[in-house]
>>> print(open('final-v3.cif').read())   # mmCIF, C-alpha atoms
data_coords
loop_
_atom_site.label_atom_id
_atom_site.label_comp_id
_atom_site.auth_asym_id
_atom_site.auth_seq_id
_atom_site.Cartn_x
_atom_site.Cartn_y
_atom_site.Cartn_z
CA MET O 2 -9.37 -10.09 3.64
CA VAL O 3 -10.25 -6.43 4.04
CA ASP O 4 -13.80 -5.52 3.18
CA GLU O 5 -13.24 -2.66 0.75
CA THR O 6 -16.70 -1.18 1.04
CA ARG O 7 -16.78 -0.92 4.82
CA GLU O 8 -17.24 2.57 6.21
CA ILE O 9 -14.70 3.78 8.72
CA GLN O 10 -15.94 5.08 12.05
CA THR O 11 -14.14 7.51 14.25
CA ARG O 12 -12.97 6.23 17.60
CA GLU O 13 -12.01 8.66 20.27
CA LYS O 14 -8.30 8.87 20.99
CA GLN O 15 -7.34 7.14 24.21
CA ALA O 16 -5.19 9.24 26.51
CA VAL O 17 -2.24 7.58 28.24
CA GLU O 18 -1.79 7.95 31.98
CA ARG O 19 1.58 9.49 32.65
CA GLU O 20 3.49 10.77 35.60
CA ALA O 21 2.69 14.40 36.34
CA THR O 22 6.14 15.59 35.28
CA ARG O 23 5.38 15.06 31.61
CA GLU O 24 3.77 18.00 29.87
CA GLY O 25 0.81 17.77 27.54
CA VAL O 26 -1.57 14.96 26.71
CA LEU O 27 -0.31 11.74 25.18
CA PHE O 28 -2.48 9.34 23.24
CA ARG O 29 -2.23 5.65 22.60
CA PRO O 30 -1.83 5.12 18.85
CA ASP O 31 -3.72 2.39 16.99
CA VAL O 32 -1.33 -0.29 15.77
CA ASP O 33 -1.22 -3.38 13.62
CA ILE O 34 1.40 -6.04 14.32
CA VAL O 35 2.02 -8.69 11.71
CA GLU O 36 4.50 -11.50 12.16
CA ARG O 37 6.41 -12.78 9.19
CA ARG O 38 8.76 -15.70 9.17
CA ASP O 39 11.81 -13.45 9.48
CA ALA O 40 10.44 -10.30 11.12
CA TYR O 41 7.64 -8.49 12.89
CA VAL O 42 6.10 -5.53 11.13
CA LEU O 43 4.50 -2.92 13.37
CA THR O 44 2.40 -0.15 11.85
CA ALA O 45 1.19 2.76 13.99
CA ASP O 46 -1.14 5.67 13.15
CA LEU O 47 0.56 8.89 14.24
CA PRO O 48 -1.40 11.70 12.54
CA GLY O 49 0.47 15.02 12.58
CA VAL O 50 3.86 13.42 13.25
CA ASP O 51 6.84 13.45 10.88
CA GLU O 52 10.11 11.53 10.99
CA GLU O 53 11.77 14.22 13.10
CA HIS O 54 9.19 14.00 15.88
CA VAL O 55 9.12 10.28 16.52
CA LYS O 56 11.46 8.22 18.70
CA VAL O 57 11.59 4.44 18.72
CA ARG O 58 13.61 2.66 21.40
CA LEU O 59 14.28 -0.95 22.23
CA GLU O 60 15.47 -1.54 25.76
CA ASP O 61 15.82 -5.14 26.82
CA ASP O 62 12.62 -6.55 25.41
CA VAL O 63 10.53 -3.37 25.67
CA LEU O 64 9.87 -1.41 22.52
CA SER O 65 8.79 2.22 23.07
CA ILE O 66 7.27 4.62 20.59
CA ASP O 67 7.17 8.31 21.55
CA ALA O 68 6.00 11.04 19.21
CA SER O 69 5.02 14.68 19.21
CA LEU O 70 3.23 16.84 16.67
CA ALA O 71 5.28 18.35 13.85
CA VAL O 72 2.91 21.31 13.46
CA GLU O 73 0.79 23.04 16.09
CA PRO O 74 -2.23 25.22 15.29
CA ALA O 75 -1.23 28.84 14.56
CA ALA O 76 -1.64 31.37 17.36
CA ASP O 77 -4.32 33.31 15.46
CA TRP O 78 -6.60 30.31 14.88
CA VAL O 79 -9.60 30.62 17.14
CA PRO O 80 -11.08 27.17 17.78
CA LEU O 81 -14.76 26.95 16.81
CA TYR O 82 -15.25 23.24 16.98
CA ASN O 83 -13.02 20.37 18.12
CA GLU O 84 -13.68 16.72 17.43
CA TYR O 85 -10.22 15.42 18.07
CA ARG O 86 -7.74 16.39 20.71
CA LEU O 87 -4.16 17.36 19.96
CA GLY O 88 -1.15 15.86 21.65
CA GLY O 89 1.70 13.45 21.33
CA PHE O 90 1.67 9.67 21.29
CA HIS O 91 3.15 7.01 23.53
CA ARG O 92 2.99 3.24 23.52
CA GLN O 93 5.14 0.36 24.71
CA PHE O 94 5.27 -3.28 23.76
CA ARG O 95 6.99 -6.24 25.30
CA LEU O 96 8.49 -8.39 22.58
CA SER O 97 8.40 -12.09 23.18
CA ASP O 98 10.90 -13.19 20.56
CA ARG O 99 14.46 -12.08 20.29
CA ILE O 100 14.83 -9.16 17.91
CA ASP O 101 18.00 -8.21 16.13
CA ALA O 102 18.10 -4.64 17.42
CA SER O 103 20.84 -3.61 14.99
CA LYS O 104 18.60 -4.38 12.01
CA ILE O 105 15.43 -2.57 13.06
CA SER O 106 14.27 -0.18 10.37
CA ALA O 107 11.66 2.55 10.63
CA ARG O 108 9.88 4.75 8.16
CA MET O 109 7.26 7.51 8.42
CA ARG O 110 4.80 8.06 5.60
CA ASN O 111 1.58 10.11 5.67
CA GLY O 112 1.48 10.08 9.46
CA VAL O 113 1.97 6.33 9.68
CA LEU O 114 5.02 4.70 11.29
CA GLU O 115 6.21 1.42 9.79
CA LEU O 116 8.67 -0.56 11.86
CA GLU O 117 10.36 -3.68 10.70
CA LEU O 118 11.83 -5.75 13.52
CA PRO O 119 13.90 -8.61 12.13
CA LYS O 120 14.05 -11.69 14.32
CA ALA O 121 17.46 -12.72 15.59
CA GLU O 122 18.93 -15.57 13.55
CA ALA O 123 18.70 -18.03 16.43
CA VAL O 124 14.94 -17.77 16.72
CA ARG O 125 13.98 -17.86 13.07
CA PRO O 126 12.15 -20.99 12.10
CA ARG O 127 14.16 -23.33 9.96
CA ARG O 128 12.79 -25.76 7.49
CA ILE O 129 14.43 -29.16 7.88
CA PRO O 130 14.66 -30.96 4.58
CA ILE O 131 13.39 -34.52 4.79
CA GLN O 132 14.93 -37.03 2.51
CA GLY O 133 13.28 -40.12 1.13
CA ALA O 134 14.63 -43.47 2.14
CA MET Q 16 -30.18 22.29 6.30
CA ASP Q 17 -30.44 25.92 7.35
CA LEU Q 18 -27.98 26.41 10.13
CA PHE Q 19 -28.92 29.99 10.71
CA GLY Q 20 -32.61 29.37 10.98
CA LEU Q 21 -31.86 27.66 14.26
CA THR Q 22 -29.50 30.25 15.59
CA ARG Q 23 -30.63 32.77 18.13
CA TRP Q 24 -27.90 35.31 18.22
CA PRO Q 25 -27.54 37.34 21.38
CA SER Q 26 -29.99 40.21 21.25
CA ASP Q 27 -27.18 42.64 21.96
CA PRO Q 28 -25.34 42.93 18.63
CA PHE Q 29 -22.16 43.73 20.54
CA GLY Q 30 -22.69 40.83 22.88
CA PRO Q 31 -19.83 38.56 23.89
CA LEU Q 32 -18.21 36.79 20.97
CA ASP Q 33 -17.68 33.75 23.12
CA GLN Q 34 -21.39 33.25 23.34
CA MET Q 35 -21.69 33.23 19.54
CA ARG Q 36 -18.82 30.82 19.33
CA ASP Q 37 -20.53 28.49 21.78
CA GLU Q 38 -23.71 28.66 19.74
CA VAL Q 39 -21.87 27.73 16.56
CA ALA Q 40 -20.16 24.83 18.32
CA GLY Q 41 -23.53 23.74 19.72
CA LEU Q 42 -25.05 23.74 16.25
CA PHE Q 43 -22.26 21.55 14.95
CA ARG Q 44 -22.75 19.08 17.74
CA ARG Q 45 -26.50 18.99 17.24
CA TRP Q 46 -26.14 18.62 13.49
CA ASP Q 47 -23.65 15.81 13.80
CA ARG Q 48 -25.79 14.00 16.34
CA GLU Q 49 -28.72 14.13 13.94
CA ARG Q 50 -26.63 12.91 11.06
CA THR Q 51 -25.07 10.05 12.93
CA ALA Q 52 -27.97 8.97 15.13
CA GLY Q 53 -27.71 5.26 15.77
CA ARG Q 54 -24.24 5.02 14.28
CA GLY Q 55 -20.69 5.54 15.43
CA GLN Q 56 -19.03 8.88 14.89
CA VAL Q 57 -18.34 9.82 11.30
CA TYR Q 58 -14.83 9.66 9.92
CA PRO Q 59 -12.59 11.55 9.71
CA PRO Q 60 -12.65 13.64 12.88
CA VAL Q 61 -12.29 17.35 12.13
CA ASN Q 62 -11.31 20.51 13.96
CA LEU Q 63 -12.52 23.91 12.81
CA TYR Q 64 -10.82 27.22 13.47
CA GLU Q 65 -11.46 30.79 12.43
CA ASN Q 66 -8.83 33.37 11.63
CA GLU Q 67 -8.69 36.75 9.96
CA ASP Q 68 -9.02 35.30 6.46
CA GLY Q 69 -11.73 32.76 7.08
CA TYR Q 70 -11.82 29.22 8.34
CA VAL Q 71 -9.20 26.55 8.80
CA LEU Q 72 -10.46 22.98 8.76
CA THR Q 73 -8.16 20.12 9.75
CA ALA Q 74 -8.88 16.40 9.54
CA GLU Q 75 -6.85 13.44 10.78
CA VAL Q 76 -6.58 10.94 7.94
CA PRO Q 77 -3.30 9.10 8.47
CA GLY Q 78 -2.19 6.65 5.84
CA VAL Q 79 -4.38 7.92 3.03
CA PRO Q 80 -2.29 8.80 -0.01
CA GLU Q 81 -3.10 12.21 -1.49
CA GLU Q 82 -4.58 10.72 -4.64
CA ASP Q 83 -7.18 8.86 -2.57
CA LEU Q 84 -8.34 12.00 -0.77
CA HIS Q 85 -11.05 14.14 -2.36
CA VAL Q 86 -12.33 17.52 -1.24
CA SER Q 87 -15.23 19.46 -2.72
CA ILE Q 88 -16.81 22.72 -1.65
CA GLU Q 89 -20.23 24.09 -2.37
CA GLY Q 90 -21.32 27.27 -0.63
CA SER Q 91 -20.74 26.59 3.04
CA ARG Q 92 -20.56 22.83 2.66
CA VAL Q 93 -17.27 20.95 2.56
CA THR Q 94 -17.26 17.30 1.53
CA LEU Q 95 -14.34 15.03 2.35
CA ARG Q 96 -14.20 11.58 0.93
CA GLY Q 97 -11.65 8.91 0.33
CA GLU Q 98 -10.47 5.49 1.12
CA ARG Q 99 -8.02 4.12 3.62
CA ARG Q 100 -6.51 0.89 2.39
CA ILE Q 101 -4.60 -1.48 4.59
CA GLU Q 102 -3.07 -4.42 2.88
CA TYR Q 103 -2.01 -7.38 4.91
CA PRO Q 104 0.42 -9.85 3.45
CA ASP Q 105 -1.50 -12.99 2.69
CA GLN Q 106 1.19 -15.60 3.01
CA PRO Q 107 1.63 -18.77 4.93
CA GLU Q 108 3.81 -18.41 8.04
CA THR Q 109 2.24 -15.01 8.66
CA GLY Q 110 0.40 -14.18 11.84
CA VAL Q 111 -1.57 -11.10 12.78
CA HIS Q 112 -0.91 -10.23 16.42
CA ARG Q 113 -2.80 -6.97 16.58
CA ARG Q 114 -5.15 -5.29 14.21
CA GLU Q 115 -6.48 -2.00 15.53
CA ARG Q 116 -6.22 0.24 12.49
CA GLN Q 117 -9.37 0.54 10.42
CA ALA Q 118 -9.62 0.35 6.67
CA GLY Q 119 -12.51 1.37 4.46
CA ILE Q 120 -14.20 4.20 2.67
CA PHE Q 121 -15.31 7.47 4.19
CA ARG Q 122 -17.48 10.41 3.26
CA ARG Q 123 -18.02 13.36 5.49
CA VAL Q 124 -19.91 16.61 5.03
CA VAL Q 125 -18.97 19.57 7.21
CA GLU Q 126 -21.24 22.60 7.25
CA LEU Q 127 -19.38 25.85 7.88
CA PRO Q 128 -21.05 28.81 9.60
CA LEU Q 129 -20.73 30.97 6.45
CA GLU Q 130 -20.16 30.50 2.73
CA VAL Q 131 -16.57 30.29 1.61
CA ASP Q 132 -14.74 31.11 -1.60
CA ALA Q 133 -14.13 27.70 -3.16
CA ASP Q 134 -11.77 29.10 -5.82
CA LYS Q 135 -9.46 30.59 -3.21
CA THR Q 136 -9.45 27.57 -0.94
CA GLU Q 137 -6.07 25.96 -0.38
CA ALA Q 138 -5.68 22.33 0.60
CA SER Q 139 -2.58 20.58 1.88
CA TYR Q 140 -1.96 17.10 3.23
CA ARG Q 141 1.00 16.65 5.52
CA HIS Q 142 1.90 13.90 7.96
CA GLY Q 143 -1.56 12.39 7.69
CA VAL Q 144 -3.42 15.63 8.41
CA LEU Q 145 -5.53 17.39 5.80
CA LEU Q 146 -5.57 21.17 6.18
CA LEU Q 147 -8.00 23.41 4.31
CA ARG Q 148 -7.75 27.19 4.33
CA LEU Q 149 -11.19 28.47 3.40
CA PRO Q 150 -11.47 32.23 2.88
CA LYS Q 151 -14.95 33.58 3.55
CA ALA Q 152 -16.95 34.55 0.47
CA ALA Q 153 -16.56 38.24 -0.37
CA ALA Q 154 -20.08 39.05 0.87
CA HIS Q 155 -19.19 37.79 4.35
CA ARG Q 156 -15.77 39.33 4.73
CA PRO Q 157 -15.38 42.02 7.36
CA ARG Q 158 -15.36 45.48 5.88
CA GLN Q 159 -13.24 48.32 7.03
CA ILE Q 160 -15.43 51.37 7.56
CA ALA Q 161 -13.67 54.61 6.85
CA VAL Q 162 -14.22 57.22 9.50
CA SER Q 163 -14.46 60.74 8.19
CA ARG Q 164 -14.25 63.89 10.18
CA SER Q 165 -17.48 65.83 10.27
#
>>> encode(input="final-v3.cif", output="structure tokens")
Amino acid sequence: MVDETREIQTREKQAVEREATREGVLFRPDVDIVERRDAYVLTADLPGVDEEHVKVRLEDDVLSIDASLAVEPAADWVPLYNEYRLGGFHRQFRLSDRIDASKISARMRNGVLELELPKAEAVRPRRIPIQGA
Amino acid sequence: MDLFGLTRWPSDPFGPLDQMRDEVAGLFRRWDRERTAGRGQVYPPVNLYENEDGYVLTAEVPGVPEEDLHVSIEGSRVTLRGERRIEYPDQPETGVHRRERQAGIFRRVVELPLEVDADKTEASYRHGVLLLRLPKAAAHRPRQIAVSRS
């Protein structure tokens, strides 16, 4: 259960180490991963990112999320005070179960990515009916 | 709290703007340290900019629907509050593999260097980022001085 009265605290964004060829800073987004019987649901915080600036790829069993900011600060904004750094996001996951790649669905809402990764039929748990004697 | 009581502006009134900017940033840091002593950093993190019209304040609050986000302005003080809800399905056969995102309530006061015009402030919330455009109050707006020929 989520404690509704808990106060949120800011955690500093964690930068991702990348090869020098990539431009700009990339951060590691916070994620939740919940497993349902038929699918995994991955939720990632990507503040400042819209659906046109996020790429999700599944290659073999590696899922990659890459995102960049939809809006950059205007040229005439002089920074006075910065508490959070601006940049894109990158994170990869190795999936242990077989995923039906053709049925993956993704949605962006309020800077949050929601990915549904349906399990392949073969790996879904099956309930075996037990009959009385 | 009187921000300006603590400020020592450069004695040269035409002194480097950068120095003033650093002083303002220093005040913010000091003020936030005082506020949050013994606690983690307050949420949400904010960035403050200045442009010709006034200030631009941005805050990262992903996943908070607009109706749960509240902004109020009084003088030079901006208050942000709201709630970030994360609902996990509570069903059998469900497992939580990772849980990094935080849920809860937040309340944050940001003190701006100068008073702003609350009535002319515009707020937008896009892609999880709150953006406030805060024009400076009329008394603090730069004035164009007409130069007449003698």
>>> resolve_selection(input="final-v3.cif", expression="the PyMOL selection byres ((chain O) within 10 of (chain Q))", output="ChimeraX atom specification")
/O:2-13,30-52,70-72,74-87,109-114,126
>>> residues_around(input="final-v3.cif", residues="Arg29 in chain O", least_positions_apart="4", cutoff="10 Å", atoms="only C-alpha atoms", output="count of residues only")
15
>>> atom_distance(input="final-v3.cif", atom1="CA of Ala152 in chain Q", atom2="CA of Gly90 in chain Q")
8.6 Å
>>> atom_distance(input="final-v3.cif", atom1="CA of Val63 in chain O", atom2="CA of Ile105 in chain O")
13.6 Å
>>> atom_distance(input="final-v3.cif", atom1="CA of Glu82 in chain Q", atom2="CA of Ala107 in chain O")
23.7 Å
>>> resolve_selection(input="final-v3.cif", expression="the PyMOL selection byres ((chain Q and resi 132) around 12)", output="list in words")
Asp68, Gly69, Tyr70, Ser87, Ile88, Glu89, Gly90, Ser91, Arg92, Val93, Leu127, Leu129, Glu130, Val131, Ala133, Asp134, Lys135, Thr136, Glu137, Leu147, Arg148, Leu149, Pro150, Lys151, Ala152, Ala153, Ala154, His155 and Arg156 of chain Q
>>> write_last_selection(input="final-v3.cif", atoms="C-alpha atoms", output="mmCIF file, in the coordinates of the input")
data_model
loop_
_atom_site.group_PDB
_atom_site.id
_atom_site.type_symbol
_atom_site.label_atom_id
_atom_site.label_comp_id
_atom_site.auth_asym_id
_atom_site.auth_seq_id
_atom_site.Cartn_x
_atom_site.Cartn_y
_atom_site.Cartn_z
ATOM 1 C CA ASP Q 68 -9.020 35.300 6.460
ATOM 2 C CA GLY Q 69 -11.730 32.760 7.080
ATOM 3 C CA TYR Q 70 -11.820 29.220 8.340
ATOM 4 C CA SER Q 87 -15.230 19.460 -2.720
ATOM 5 C CA ILE Q 88 -16.810 22.720 -1.650
ATOM 6 C CA GLU Q 89 -20.230 24.090 -2.370
ATOM 7 C CA GLY Q 90 -21.320 27.270 -0.630
ATOM 8 C CA SER Q 91 -20.740 26.590 3.040
ATOM 9 C CA ARG Q 92 -20.560 22.830 2.660
ATOM 10 C CA VAL Q 93 -17.270 20.950 2.560
ATOM 11 C CA LEU Q 127 -19.380 25.850 7.880
ATOM 12 C CA LEU Q 129 -20.730 30.970 6.450
ATOM 13 C CA GLU Q 130 -20.160 30.500 2.730
ATOM 14 C CA VAL Q 131 -16.570 30.290 1.610
ATOM 15 C CA ALA Q 133 -14.130 27.700 -3.160
ATOM 16 C CA ASP Q 134 -11.770 29.100 -5.820
ATOM 17 C CA LYS Q 135 -9.460 30.590 -3.210
ATOM 18 C CA THR Q 136 -9.450 27.570 -0.940
ATOM 19 C CA GLU Q 137 -6.070 25.960 -0.380
ATOM 20 C CA LEU Q 147 -8.000 23.410 4.310
ATOM 21 C CA ARG Q 148 -7.750 27.190 4.330
ATOM 22 C CA LEU Q 149 -11.190 28.470 3.400
ATOM 23 C CA PRO Q 150 -11.470 32.230 2.880
ATOM 24 C CA LYS Q 151 -14.950 33.580 3.550
ATOM 25 C CA ALA Q 152 -16.950 34.550 0.470
ATOM 26 C CA ALA Q 153 -16.560 38.240 -0.370
ATOM 27 C CA ALA Q 154 -20.080 39.050 0.870
ATOM 28 C CA HIS Q 155 -19.190 37.790 4.350
ATOM 29 C CA ARG Q 156 -15.770 39.330 4.730
#
>>> closest_residue(input="final-v3.cif", among="O:Ser69, O:Ala134, O:Ile100, O:Arg58", to="Leu118 in chain O", atoms="all atoms listed in the file")
O:Ile100
>>> decode(input="final-v3.cif", residues="range 85-122 of chain Q", atoms="C-alpha atoms", output="mmCIF file, in the first residue's frame")
data_model
loop_
_atom_site.group_PDB
_atom_site.id
_atom_site.type_symbol
_atom_site.label_atom_id
_atom_site.label_comp_id
_atom_site.auth_asym_id
_atom_site.auth_seq_id
_atom_site.Cartn_x
_atom_site.Cartn_y
_atom_site.Cartn_z
ATOM 1 C CA HIS Q 85 -1.724 23.900 -7.198
ATOM 2 C CA VAL Q 86 0.169 27.153 -7.572
ATOM 3 C CA SER Q 87 -0.274 30.288 -5.494
ATOM 4 C CA ILE Q 88 1.626 33.560 -5.546
ATOM 5 C CA GLU Q 89 1.950 36.197 -2.893
ATOM 6 C CA GLY Q 90 4.361 39.059 -3.459
ATOM 7 C CA SER Q 91 7.643 37.389 -4.309
ATOM 8 C CA ARG Q 92 6.673 34.012 -2.906
ATOM 9 C CA VAL Q 93 5.501 31.156 -5.106
ATOM 10 C CA THR Q 94 3.969 28.091 -3.488
ATOM 11 C CA LEU Q 95 3.716 24.794 -5.350
ATOM 12 C CA ARG Q 96 1.803 21.951 -3.862
ATOM 13 C CA GLY Q 97 0.216 18.766 -4.999
ATOM 14 C CA GLU Q 98 0.176 15.065 -4.822
ATOM 15 C CA ARG Q 99 1.787 12.368 -6.892
ATOM 16 C CA ARG Q 100 -0.234 9.187 -6.766
ATOM 17 C CA ILE Q 101 1.057 5.852 -7.893
ATOM 18 C CA GLU Q 102 -1.382 3.036 -7.824
ATOM 19 C CA TYR Q 103 -0.134 -0.487 -7.928
ATOM 20 C CA PRO Q 104 -2.485 -3.255 -8.898
ATOM 21 C CA ASP Q 105 -3.223 -5.229 -5.782
ATOM 22 C CA GLN Q 106 -3.955 -8.632 -7.218
ATOM 23 C CA PRO Q 107 -2.689 -12.100 -6.655
ATOM 24 C CA GLU Q 108 -0.178 -13.276 -9.268
ATOM 25 C CA THR Q 109 1.307 -9.783 -9.312
ATOM 26 C CA GLY Q 110 4.916 -9.105 -8.505
ATOM 27 C CA VAL Q 111 6.749 -5.826 -8.113
ATOM 28 C CA HIS Q 112 10.219 -6.116 -9.649
ATOM 29 C CA ARG Q 113 11.316 -2.524 -9.275
ATOM 30 C CA ARG Q 114 9.853 0.387 -7.440
ATOM 31 C CA GLU Q 115 11.930 3.527 -7.773
ATOM 32 C CA ARG Q 116 9.281 6.162 -8.404
ATOM 33 C CA GLN Q 117 8.097 8.050 -5.346
ATOM 34 C CA ALA Q 118 4.528 8.832 -4.443
ATOM 35 C CA GLY Q 119 3.258 11.303 -1.884
ATOM 36 C CA ILE Q 120 2.365 14.881 -1.202
ATOM 37 C CA PHE Q 121 4.580 17.884 -1.749
ATOM 38 C CA ARG Q 122 4.648 21.535 -0.820
#
